[in-house]
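Student: Below is one structure. I have some questions about it.
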Amino acid sequence: MKIGGLMNLTLLDYPDKVACTVFTVGCNFRCPFCHNNSLVLGNGGRRLAVNEVLGFLEKRKNVLDGVCLTGGEPLIQQGVEEFLLDVKRLGYSVKLDTNGAFPDRLRELAEKGLVDYVAMDVKNSKERYEETVGCKTDIQAICRSVEFLKSGKVEYEFRTTVTGNHHDEISIGNMSRWLAGASKLYLQKFVNSGDLIDPNTVGCSDETMRRYLEIAKKYLPNAELRGI
């Protein structure tokens with residue numbers, strides 16, 4: 001398993017948990033607005049050994065409640081199940097961040113009790129998905145992940161990073177209609193981290209984000225904004 005970073009403490013990444021965040025290297029998508037360009041492409045930065053991370057978790061298990069596994073895309077990693085088994089043996093709750101492209105792996109980890117909370121990035125409406133992820137993708141696989149999570153087998157949230165380049169009222173409406181029935185959707189305001197895949201990506205005004213939220217709420221009454 002390729003690990004490219006460790007945030008020792010976060011109160012934001014895992015709802016209601018004092019957690020750390022483990023960053024994996026590599027992704028099957030090339031989302032132009034991705035703020036972890038170096039992790040996605042695997043260029044630069046020190047790699048951490050799995051045993052190094054587990055050693056840290058062993059020492060901090062009386063301080064931390066949870067581990068957030070993010071990326072990149074964690075489900076492309078060989079050894080992710082073994083890593084999560086070790087994390088669970090240490091007594092941690094696990095939050096998985098995923099793009100939903102690997103529904104069978106997602107289901108397997110959840111059904112084995114290795115994941116307690118899933119945050120799935122839903123990038124856009126089905127019609128604009130490939131544009132938004134920057135490559136060819138299997139939209140049916142994404143749909144299977146969405147339906148699995150909506151079944152309620154594991155606690156989850158959907159989240160969408162909203163840009164000025166790839167989202168508009170029509171795409172937000174179509175995406176929200178697709179996700180209708182979901183328990184949580186967060187529309188996240190794009191922020192330029194300085195480490196983007198496409199530096200030409202732009203964000204939206206707060207006013208636009210609020211307008212998009214009203215559209216989303218027609219189908220998902222519990223939708224909320226993040227980053228405003």
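We name chains A, B, ... following the order of the structure tokens; residues begin at 1 in each chain, and ligands are numbered from 1 as shown.
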Name the residues in contact with segment 7-9 of chain A at a cut-off of 10 Å, using only C-alpha atoms, excluding same-chain residues fewer than 6 positions from it; report them as a PyMOL selection string.
Tutor: chain A and resi 18-23+56-57+60+63-64+66-68
Student: Store the residues picked out above in a file with C-alpha atoms, as a short mmCIF file (atom, residue, chain, number, x, y, z; two decimals), in the first residue's frame.
Tutor:
```cif
data_model
loop_
_atom_site.label_atom_id
_atom_site.label_comp_id
_atom_site.auth_asym_id
_atom_site.auth_seq_id
_atom_site.Cartn_x
_atom_site.Cartn_y
_atom_site.Cartn_z
CA VAL A 18 -11.00 13.03 16.98
CA ALA A 19 -9.10 11.45 14.13
CA CYS A 20 -6.01 11.33 12.00
CA THR A 21 -5.98 11.24 8.20
CA VAL A 22 -3.95 8.81 6.11
CA PHE A 23 -3.33 9.86 2.49
CA PHE A 56 1.81 5.86 15.19
CA LEU A 57 -1.74 4.57 15.64
CA ARG A 60 -2.15 7.35 19.85
CA VAL A 63 -6.02 9.99 22.12
CA LEU A 64 -7.64 9.36 18.74
CA GLY A 66 -10.90 7.38 14.27
CA VAL A 67 -8.83 7.06 11.13
CA CYS A 68 -9.81 8.73 7.87
#
```
Student: List the neighbours of Arg177 of chain A out to 10 Å using only C-alpha atoms; skip same-chain residues closer than 5 positions along the sequence, and give me the result as a PyMOL selection string.
Tutor: chain A and resi 125+171-172+215-220
Student: If I take atom CA of Ser93 of chain A and atom CA of Leu69 of chain A, how far is one from the other in Å, to one decimal?
Tutor: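 For atom CA of Ser93 of chain A relative to atom CA of Leu69 of chain A, the distance reads 10.7 Å.
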Student: What is the atom CA of Cys204 of chain A-atom CA of Phe190 of chain A distance in Å, reported with one decimal?
Tutor: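 Value for the atom CA of Cys204 of chain A-atom CA of Phe190 of chain A distance: 7.3 Å.
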Student: DSSP on the backbone: what in segment 26-90 of chain A comes out strand (DSSP E or B), as a PyMOL selection string?
Tutor: chain A and resi 48+66-70
Student: How about saving the chosen residues, C-alpha atoms kept, as a PDB file, in the first residue's frame?
Tutor:
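Produced file part_3.pdb, reproduced below:
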```pdb
ATOM      1  CA  LEU A  48       5.404   6.308   4.674  1.00  0.00           C
ATOM      2  CA  GLY A  66     -10.897   7.384  14.269  1.00  0.00           C
ATOM      3  CA  VAL A  67      -8.828   7.057  11.129  1.00  0.00           C
ATOM      4  CA  CYS A  68      -9.812   8.728   7.867  1.00  0.00           C
ATOM      5  CA  LEU A  69      -8.400   6.926   4.824  1.00  0.00           C
ATOM      6  CA  THR A  70      -8.278   9.229   1.830  1.00  0.00           C
TER       7      THR A  70
END
```
Student: When you look at Arg128 of chain A with a cut-off of 10 Å (counting only C-alpha atoms), what residues show up, excluding the ones that are within fewer than 4 positions of it in the same chain? I need them as a PyMOL selection string.
Tutor: chain A and resi 123-124+132-133+166-167+171+174-175
Student: Just the number, please: distance in Å from atom CA of Leu149 of chain A to atom CA of Leu179 of chain A, one decimal.
Tutor: 10.5 Å
Student: Excluding Glu147 of chain A and residues on its chain fewer than 4 positions from it, collect all residues at most 10 Å away from it, counting only C-alpha atoms, and give them as a ChimeraX atom specification.
Tutor: /A:103,141-143,151-152,179,181-182
Student: I'd like the neighbourhood of Phe148 of chain A as a compact mmCIF listing (two decimals) with N, CA, C and O atoms, in the first residue's frame, where a residue qualifies if any of its atoms comes within 12 Å (using only C-alpha atoms), though same-chain residues fewer than 5 positions away should be ignored.
Tutor:
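Here's the written file around11.txt:
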```txt
# COMPACT_ATOMS: atom_id res chain seq x y z
N GLY A 100 -16.04 6.17 -5.62
CA GLY A 100 -17.14 5.29 -5.98
C GLY A 100 -16.94 4.46 -7.23
O GLY A 100 -17.86 3.78 -7.68
N PHE A 102 -15.24 1.79 -7.56
CA PHE A 102 -15.01 0.36 -7.27
C PHE A 102 -16.08 -0.16 -6.32
O PHE A 102 -15.82 -0.41 -5.14
N PRO A 103 -17.29 -0.33 -6.82
CA PRO A 103 -18.41 -0.68 -5.94
C PRO A 103 -18.26 -2.03 -5.25
O PRO A 103 -18.70 -2.20 -4.11
N ASP A 104 -17.64 -3.00 -5.91
CA ASP A 104 -17.50 -4.32 -5.29
C ASP A 104 -16.54 -4.26 -4.11
O ASP A 104 -16.80 -4.87 -3.06
N ARG A 105 -15.44 -3.54 -4.26
CA ARG A 105 -14.50 -3.40 -3.15
C ARG A 105 -15.13 -2.60 -2.01
O ARG A 105 -14.94 -2.92 -0.84
N LEU A 106 -15.87 -1.58 -2.35
CA LEU A 106 -16.56 -0.78 -1.34
C LEU A 106 -17.53 -1.64 -0.54
O LEU A 106 -17.53 -1.63 0.70
N ARG A 107 -18.36 -2.40 -1.24
CA ARG A 107 -19.32 -3.26 -0.57
C ARG A 107 -18.62 -4.29 0.32
O ARG A 107 -19.04 -4.52 1.46
N GLU A 108 -17.57 -4.90 -0.21
CA GLU A 108 -16.87 -5.93 0.55
C GLU A 108 -16.30 -5.39 1.85
O GLU A 108 -16.44 -6.01 2.91
N ALA A 110 -17.26 -2.75 3.51
CA ALA A 110 -18.34 -2.37 4.41
C ALA A 110 -18.98 -3.60 5.04
O ALA A 110 -19.26 -3.61 6.25
N GLU A 111 -19.23 -4.62 4.23
CA GLU A 111 -19.88 -5.82 4.77
C GLU A 111 -19.00 -6.61 5.71
O GLU A 111 -19.51 -7.35 6.55
N VAL A 118 -18.58 6.26 5.16
CA VAL A 118 -18.07 6.46 3.80
C VAL A 118 -18.45 7.85 3.33
O VAL A 118 -19.62 8.26 3.43
N MET A 120 -18.46 9.62 -0.16
CA MET A 120 -18.27 9.40 -1.60
C MET A 120 -18.39 10.71 -2.34
O MET A 120 -19.37 11.44 -2.19
N ALA A 141 -20.65 1.78 -12.74
CA ALA A 141 -19.96 1.46 -11.48
C ALA A 141 -20.24 2.54 -10.44
O ALA A 141 -20.50 2.24 -9.26
N ILE A 142 -20.19 3.78 -10.86
CA ILE A 142 -20.51 4.88 -9.95
C ILE A 142 -21.94 4.74 -9.44
O ILE A 142 -22.21 4.89 -8.24
N CYS A 143 -22.86 4.42 -10.33
CA CYS A 143 -24.27 4.25 -9.94
C CYS A 143 -24.43 3.12 -8.93
O CYS A 143 -25.24 3.22 -7.98
N LYS A 153 -26.48 0.37 4.37
CA LYS A 153 -25.70 -0.69 5.03
C LYS A 153 -24.55 -0.11 5.85
O LYS A 153 -24.03 -0.78 6.74
N VAL A 154 -24.14 1.11 5.55
CA VAL A 154 -23.07 1.77 6.27
C VAL A 154 -23.39 3.26 6.28
O VAL A 154 -24.02 3.78 5.35
N GLU A 155 -23.02 3.95 7.35
CA GLU A 155 -23.26 5.39 7.41
C GLU A 155 -22.45 6.09 6.31
O GLU A 155 -21.31 5.70 6.04
N TYR A 156 -23.02 7.12 5.71
CA TYR A 156 -22.36 7.70 4.54
C TYR A 156 -22.77 9.15 4.35
O TYR A 156 -23.75 9.64 4.95
N LEU A 179 -29.56 11.53 -7.10
CA LEU A 179 -29.23 11.15 -5.73
C LEU A 179 -30.43 11.19 -4.79
O LEU A 179 -30.28 10.91 -3.60
N ALA A 182 -31.08 10.06 -0.82
CA ALA A 182 -29.86 9.97 -0.02
C ALA A 182 -30.04 10.73 1.30
O ALA A 182 -30.78 11.71 1.37
```
Student: Just checking: using only C-alpha atoms, which residue out of A:Glu73, A:Asp65, A:Glu169, A:Glu81 ends up closest to Leu39 of chain A?
Tutor: A:Glu73
